[in-house]
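Next comes upload25.txt, a file with compact mmCIF, C-alpha atoms and all ligand atoms.
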```txt
# COMPACT_ATOMS: atom_id res chain seq x y z
CA MET A 1 3.49 0.85 -20.50
CA GLU A 2 0.85 -1.89 -20.70
CA LYS A 3 -2.76 -0.80 -20.52
CA VAL A 4 -4.57 -1.67 -17.30
CA CYS A 5 -7.60 -3.89 -17.91
CA ARG A 6 -10.48 -2.83 -15.66
CA GLY A 7 -13.72 -4.73 -15.24
CA LEU A 8 -16.98 -3.33 -13.90
CA TYR A 9 -19.27 -5.36 -11.64
CA ILE A 10 -22.52 -3.69 -10.77
CA GLY A 11 -25.21 -4.67 -8.27
CA ARG A 12 -27.43 -3.29 -5.52
CA PHE A 13 -25.81 -5.43 -2.82
CA GLN A 14 -28.89 -5.38 -0.54
CA PRO A 15 -27.03 -7.05 1.14
CA TYR A 16 -23.64 -8.16 -0.26
CA HIS A 17 -23.55 -11.98 -0.04
CA ARG A 18 -21.30 -14.98 -0.71
CA GLY A 19 -22.60 -15.31 -4.29
CA HIS A 20 -21.15 -11.85 -4.98
CA SER A 21 -17.84 -12.89 -3.38
CA GLN A 22 -17.58 -15.90 -5.69
CA VAL A 23 -18.32 -13.77 -8.74
CA LEU A 24 -15.61 -11.30 -7.70
CA GLN A 25 -13.08 -14.11 -7.30
CA VAL A 26 -13.76 -15.18 -10.90
CA ILE A 27 -13.47 -11.58 -12.16
CA ALA A 28 -10.23 -11.05 -10.22
CA GLU A 29 -8.62 -13.83 -12.31
CA LYS A 30 -9.52 -12.03 -15.53
CA VAL A 31 -8.76 -8.33 -15.01
CA ASP A 32 -6.12 -6.12 -13.37
CA GLU A 33 -8.55 -3.88 -11.46
CA ILE A 34 -12.23 -4.14 -10.52
CA ILE A 35 -14.74 -1.33 -10.31
CA ILE A 36 -17.70 -2.22 -8.12
CA GLY A 37 -20.74 -0.08 -8.86
CA ILE A 38 -23.31 0.16 -6.06
CA GLY A 39 -26.55 0.58 -7.97
CA SER A 40 -29.74 2.31 -6.81
CA ALA A 41 -27.48 4.25 -4.46
CA GLN A 42 -30.22 6.69 -3.47
CA GLN A 43 -32.45 3.92 -2.15
CA SER A 44 -32.60 2.82 1.47
CA HIS A 45 -35.10 1.99 4.21
CA GLN A 46 -37.30 -0.05 1.88
CA THR A 47 -38.01 -3.75 2.22
CA ASN A 48 -36.26 -4.51 -1.08
CA ASN A 49 -33.55 -1.85 -0.55
CA PRO A 50 -32.98 -1.67 3.21
CA PHE A 51 -29.39 -0.39 3.35
CA THR A 52 -27.94 3.00 2.45
CA ALA A 53 -25.20 3.43 -0.15
CA GLY A 54 -22.73 4.20 2.65
CA GLU A 55 -23.66 1.04 4.53
CA ARG A 56 -23.26 -0.98 1.36
CA VAL A 57 -19.86 0.65 0.70
CA LEU A 58 -18.85 -0.55 4.16
CA MET A 59 -20.07 -4.11 3.46
CA VAL A 60 -18.35 -4.33 0.08
CA SER A 61 -15.08 -2.67 1.10
CA GLN A 62 -14.58 -5.01 4.04
CA ALA A 63 -15.49 -8.07 2.01
CA VAL A 64 -13.09 -7.30 -0.88
CA GLU A 65 -10.07 -6.74 1.36
CA LYS A 66 -9.02 -10.35 0.69
CA LEU A 67 -8.98 -9.92 -3.10
CA ASN A 68 -5.57 -9.56 -4.69
CA VAL A 69 -6.63 -6.85 -7.11
CA LYS A 70 -7.23 -3.15 -6.69
CA THR A 71 -10.90 -2.27 -6.33
CA TYR A 72 -12.83 0.99 -6.67
CA ILE A 73 -16.26 1.18 -5.04
CA ILE A 74 -18.56 3.74 -6.65
CA PRO A 75 -22.16 4.46 -5.61
CA ILE A 76 -24.41 5.01 -8.65
CA GLU A 77 -27.85 6.61 -8.33
CA ASP A 78 -30.71 5.58 -10.61
CA ILE A 79 -31.63 7.90 -13.46
CA HIS A 80 -34.90 6.10 -14.40
CA ARG A 81 -33.99 6.19 -18.06
CA ASN A 82 -32.60 2.89 -19.27
CA SER A 83 -31.53 4.19 -22.69
CA LEU A 84 -29.14 6.68 -21.02
CA TRP A 85 -28.06 4.54 -18.10
CA VAL A 86 -24.77 3.22 -19.56
CA SER A 87 -23.55 6.79 -20.26
CA HIS A 88 -24.54 7.71 -16.71
CA VAL A 89 -22.51 4.80 -15.31
CA LYS A 90 -19.51 5.68 -17.52
CA SER A 91 -19.63 9.28 -16.33
CA LEU A 92 -19.13 8.15 -12.73
CA THR A 93 -16.62 5.31 -13.02
CA PRO A 94 -12.95 4.96 -14.00
CA PRO A 95 -12.57 3.74 -17.61
CA PHE A 96 -13.33 0.02 -18.02
CA GLN A 97 -13.12 -2.47 -20.89
CA VAL A 98 -15.53 -5.18 -19.76
CA VAL A 99 -18.65 -5.51 -17.63
CA TYR A 100 -19.58 -8.59 -15.62
CA SER A 101 -23.20 -9.21 -14.77
CA ASN A 102 -25.80 -11.93 -14.61
CA ASN A 103 -28.67 -9.45 -14.67
CA PRO A 104 -30.34 -9.65 -18.11
CA LEU A 105 -31.28 -5.94 -18.30
CA VAL A 106 -27.77 -4.80 -17.31
CA MET A 107 -26.26 -7.21 -19.87
CA GLU A 108 -28.59 -5.97 -22.61
CA LEU A 109 -27.92 -2.27 -21.95
CA PHE A 110 -24.11 -2.64 -22.00
CA CYS A 111 -24.24 -4.96 -24.99
CA GLU A 112 -26.31 -2.43 -26.96
CA ALA A 113 -23.74 0.25 -26.04
CA GLY A 114 -21.01 -1.91 -27.64
CA ILE A 115 -19.29 -2.75 -24.37
CA LYS A 116 -17.97 -6.27 -23.84
CA VAL A 117 -20.14 -8.18 -21.38
CA GLY A 118 -18.92 -11.25 -19.54
CA GLY A 119 -21.27 -13.52 -17.65
CA THR A 120 -20.07 -15.53 -14.68
CA PRO A 121 -21.51 -18.80 -13.42
CA LEU A 122 -24.44 -18.57 -11.03
CA PHE A 123 -23.26 -19.74 -7.64
CA ASN A 124 -25.96 -21.61 -5.75
CA ARG A 125 -28.49 -18.98 -6.76
CA GLU A 126 -31.36 -20.50 -4.73
CA LYS A 127 -29.26 -19.98 -1.62
CA TYR A 128 -27.24 -16.86 -2.42
CA SER A 129 -29.82 -14.26 -3.37
CA GLY A 130 -30.40 -10.83 -1.84
CA LYS A 131 -34.17 -11.30 -1.97
CA ARG A 132 -33.97 -14.59 -0.10
CA ILE A 133 -31.59 -13.19 2.54
CA ARG A 134 -33.94 -10.23 3.18
CA GLU A 135 -36.83 -12.68 3.60
CA LEU A 136 -34.83 -14.79 6.06
CA MET A 137 -33.93 -11.66 8.07
CA GLN A 138 -37.55 -10.56 8.27
CA THR A 139 -38.75 -13.93 9.50
CA ASP A 140 -36.02 -14.48 12.11
CA LYS A 141 -34.42 -17.34 10.18
CA LYS A 142 -30.68 -18.06 9.84
CA TRP A 143 -29.00 -15.74 7.32
CA LYS A 144 -25.48 -15.08 8.63
CA ASP A 145 -23.89 -18.07 6.88
CA LEU A 146 -24.97 -16.59 3.54
CA VAL A 147 -22.84 -13.44 3.85
CA PRO A 148 -19.14 -12.96 4.67
CA LYS A 149 -18.48 -12.57 8.41
CA SER A 150 -17.42 -8.94 7.93
CA VAL A 151 -20.79 -8.20 6.27
CA ALA A 152 -22.72 -9.83 9.10
CA ARG A 153 -20.77 -7.59 11.50
CA VAL A 154 -21.73 -4.46 9.53
CA ILE A 155 -25.41 -5.50 9.51
CA ASP A 156 -25.28 -6.10 13.27
CA GLU A 157 -23.50 -2.75 13.81
CA ILE A 158 -26.29 -0.84 12.06
CA ASP A 159 -29.10 -3.00 13.55
CA GLY A 160 -30.02 -3.89 10.00
CA VAL A 161 -32.37 -6.75 10.82
CA ASP A 162 -34.44 -4.64 13.21
CA ARG A 163 -34.63 -1.90 10.59
CA LEU A 164 -35.89 -4.35 7.99
CA LYS A 165 -38.55 -5.68 10.36
CA HIS A 166 -39.66 -2.16 11.32
CA ILE A 167 -40.00 -0.90 7.75
CA ALA A 168 -41.91 -4.03 6.73
CA LYS A 169 -44.74 -3.02 9.08
CA THR A 170 -47.60 -0.77 8.01
CA ASP A 171 -49.92 1.57 9.90
CA ASP A 172 -52.99 0.07 8.22
CA SER A 173 -55.64 -1.25 10.58
P1 LIG A 201 -31.70 -9.16 -5.28
O1 LIG A 201 -32.42 -10.45 -5.04
O2 LIG A 201 -31.96 -8.11 -4.27
O3 LIG A 201 -31.81 -8.66 -6.71
P2 LIG A 201 -29.10 -10.32 -5.89
O4 LIG A 201 -28.70 -11.52 -5.14
O5 LIG A 201 -29.58 -10.51 -7.31
O6 LIG A 201 -30.13 -9.50 -5.01
P3 LIG A 201 -27.65 -8.03 -6.82
O7 LIG A 201 -26.94 -7.00 -6.02
O8 LIG A 201 -28.90 -7.68 -7.52
O9 LIG A 201 -27.89 -9.32 -5.85
O10 LIG A 201 -26.62 -8.70 -7.84
C1 LIG A 201 -25.50 -8.10 -8.41
C2 LIG A 201 -25.02 -9.01 -9.51
O11 LIG A 201 -24.63 -10.27 -8.94
C3 LIG A 201 -26.07 -9.34 -10.57
O12 LIG A 201 -25.43 -9.40 -11.82
C4 LIG A 201 -26.57 -10.70 -10.14
O13 LIG A 201 -27.09 -11.43 -11.25
C5 LIG A 201 -25.29 -11.32 -9.60
N1 LIG A 201 -25.52 -12.39 -8.63
C6 LIG A 201 -26.30 -12.33 -7.54
N2 LIG A 201 -26.28 -13.50 -6.87
C7 LIG A 201 -25.47 -14.32 -7.58
C8 LIG A 201 -25.04 -15.68 -7.43
N3 LIG A 201 -25.46 -16.43 -6.41
N4 LIG A 201 -24.20 -16.19 -8.35
C9 LIG A 201 -23.78 -15.43 -9.39
N5 LIG A 201 -24.15 -14.16 -9.62
C10 LIG A 201 -24.98 -13.60 -8.71
MG MG A 202 -30.55 -8.93 -8.41
```

Would you kindly transcribe this structure into structure tokens?
Amino acid sequence: MEKVCRGLYIGRFQPYHRGHSQVLQVIAEKVDEIIIGIGSAQQSHQTNNPFTAGERVLMVSQAVEKLNVKTYIIPIEDIHRNSLWVSHVKSLTPPFQVVYSNNPLVMELFCEAGIKVGGTPLFNREKYSGKRIRELMQTDKKWKDLVPKSVARVIDEIDGVDRLKHIAKTDDS
């Protein structure tokens, strides 16, 4: 029996956007199965991490339905110890042979652990960026075109934009 080649793609997906979709399409051409790690899973209700792990699972699972490869979506909490992080990730995920990331720290940590790291092109990074999308949401600007329709529906369902605006406020005078 031939060995299944699994690739890991890890991100915070706050929120999942069309840049992530394009990366996954590239990865789907290269591996048999994709593991999607939802990083900083314990974080939510913060301006740079507004959505819960469960909400992000919903976003990602709906968006990957169109992919022709099997996917596993695994929430991964932070351990605040970079030198042990790769072992932590491996302890939670199905076995994988290659990691795809454009995040320099993630690439460095897997590389140091002797795991093959594949970069993918950056797809319109000025436009497709979680940080930018969160800023657009907070300032009532157009953001829906930057995420798959199914993701926009999830964000509407959970009143995500209102949440982001509420948590951006302070009780300072
Ligand atoms: P944030 O601004 O909140 O960090 P992000 O857009 O970088 O959001 P992440 O969830 O941090 O999204 O990214 C997951 C992975 O996807 C990282 O490896 C990141 O470099 C990569 N990525 C994000 N946007 C793009 C893009 N437009 N093209 C290619 N890769 C991307
Ligand atoms: Mg990022």

Dump as a Markdown table the rows for residues of chain A within 6 Å of ligand LIG 201 (chain A): closest atom pair and distance in Å with one decimal, only C-alpha atoms and all ligand atoms counted, ordered by chain and rising residue number.
```
| residue | atom | partner | partner_atom | distance |
| --- | --- | --- | --- | --- |
| A:Ile10 | CA | A:LIG201 | C1 | 5.8 |
| A:Gly11 | CA | A:LIG201 | C1 | 3.4 |
| A:Arg12 | CA | A:LIG201 | O7 | 3.8 |
| A:Phe13 | CA | A:LIG201 | O7 | 3.7 |
| A:Gln14 | CA | A:LIG201 | O2 | 5.5 |
| A:Gly19 | CA | A:LIG201 | N3 | 3.7 |
| A:His20 | CA | A:LIG201 | O11 | 5.5 |
| A:Val23 | CA | A:LIG201 | C9 | 5.7 |
| A:Ser101 | CA | A:LIG201 | O12 | 3.7 |
| A:Asn102 | CA | A:LIG201 | O13 | 3.6 |
| A:Asn103 | CA | A:LIG201 | O13 | 4.3 |
| A:Pro121 | CA | A:LIG201 | C9 | 5.7 |
| A:Leu122 | CA | A:LIG201 | N4 | 3.6 |
| A:Phe123 | CA | A:LIG201 | N4 | 3.7 |
| A:Asn124 | CA | A:LIG201 | N3 | 5.2 |
| A:Arg125 | CA | A:LIG201 | N3 | 4.0 |
| A:Tyr128 | CA | A:LIG201 | N3 | 4.4 |
| A:Ser129 | CA | A:LIG201 | O4 | 3.4 |
| A:Gly130 | CA | A:LIG201 | O6 | 3.4 |
| A:Lys131 | CA | A:LIG201 | O1 | 3.6 |
```

Distance of CA of Ile158 (chain A) from CA of Gly39 (chain A), expressed in Å to one decimal place: 20.1 Å

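The two atoms in question, CA of Glu2 (chain A) and CA of Ser87 (chain A), are spaced 25.9 Å apart.
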
Residues within 10 Å of (-14.3, -0.8, -19.9), file coords, all atoms listed in the file, listed as a ChimeraX atom specification: /A:5-8,35,90,93-99,115-117

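Note that CA of Pro75 (chain A) and CA of Ala53 (chain A) are 6.3 Å apart.
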
Set the distance at 10 Å and use all atoms listed in the file: which residues neighbour Thr52 (chain A) once local chain neighbours fewer than 2 positions away are removed? I'd like the list as a PyMOL selection string. chain A and resi 14+40-46+49-50+54-58

Contacts of Leu24 (chain A) within 10 Å, all atoms listed in the file, excl. fewer than 3 positions in-chain, as JSON, numbers by chain: {"A": [9, 18, 19, 20, 21, 27, 28, 29, 30, 34, 36, 64, 67, 100, 120]}

Just checking: using all atoms listed in the file, which residue out of A:Arg132, A:Lys3, A:Lys141, A:Lys66 ends up closest to ligand MG 202 (chain A)? A:Arg132

Which is closest to Leu164 (chain A) among A:Val4, A:Ile38, A:Leu84, A:Leu136, if we use only C-alpha atoms? A:Leu136

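Take the candidates A:Val26, A:Ile79, A:Val106, A:Ala113 and check each one against ligand MG 202 (chain A) using all atoms listed in the file; the shortest distance goes to A:Val106.
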
Restricting the calculation to all atoms listed in the file, which member of A:Glu33, A:Val60, A:Val161, A:Leu105 is positioned closest to ligand MG 202 (chain A)? A:Leu105

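At a cut-off of 10 Å from (-35.2, -9.1, 6.9), the residue set is Thr47, Asn48, Pro50, Lys131, Arg132, Ile133, Arg134, Glu135, Leu136, Met137, Gln138, Thr139, Asp140, Lys141, Trp143, Gly160, Val161, Asp162, Arg163, Leu164, Lys165, His166, Ile167 and Ala168 of chain A (counting all atoms listed in the file).
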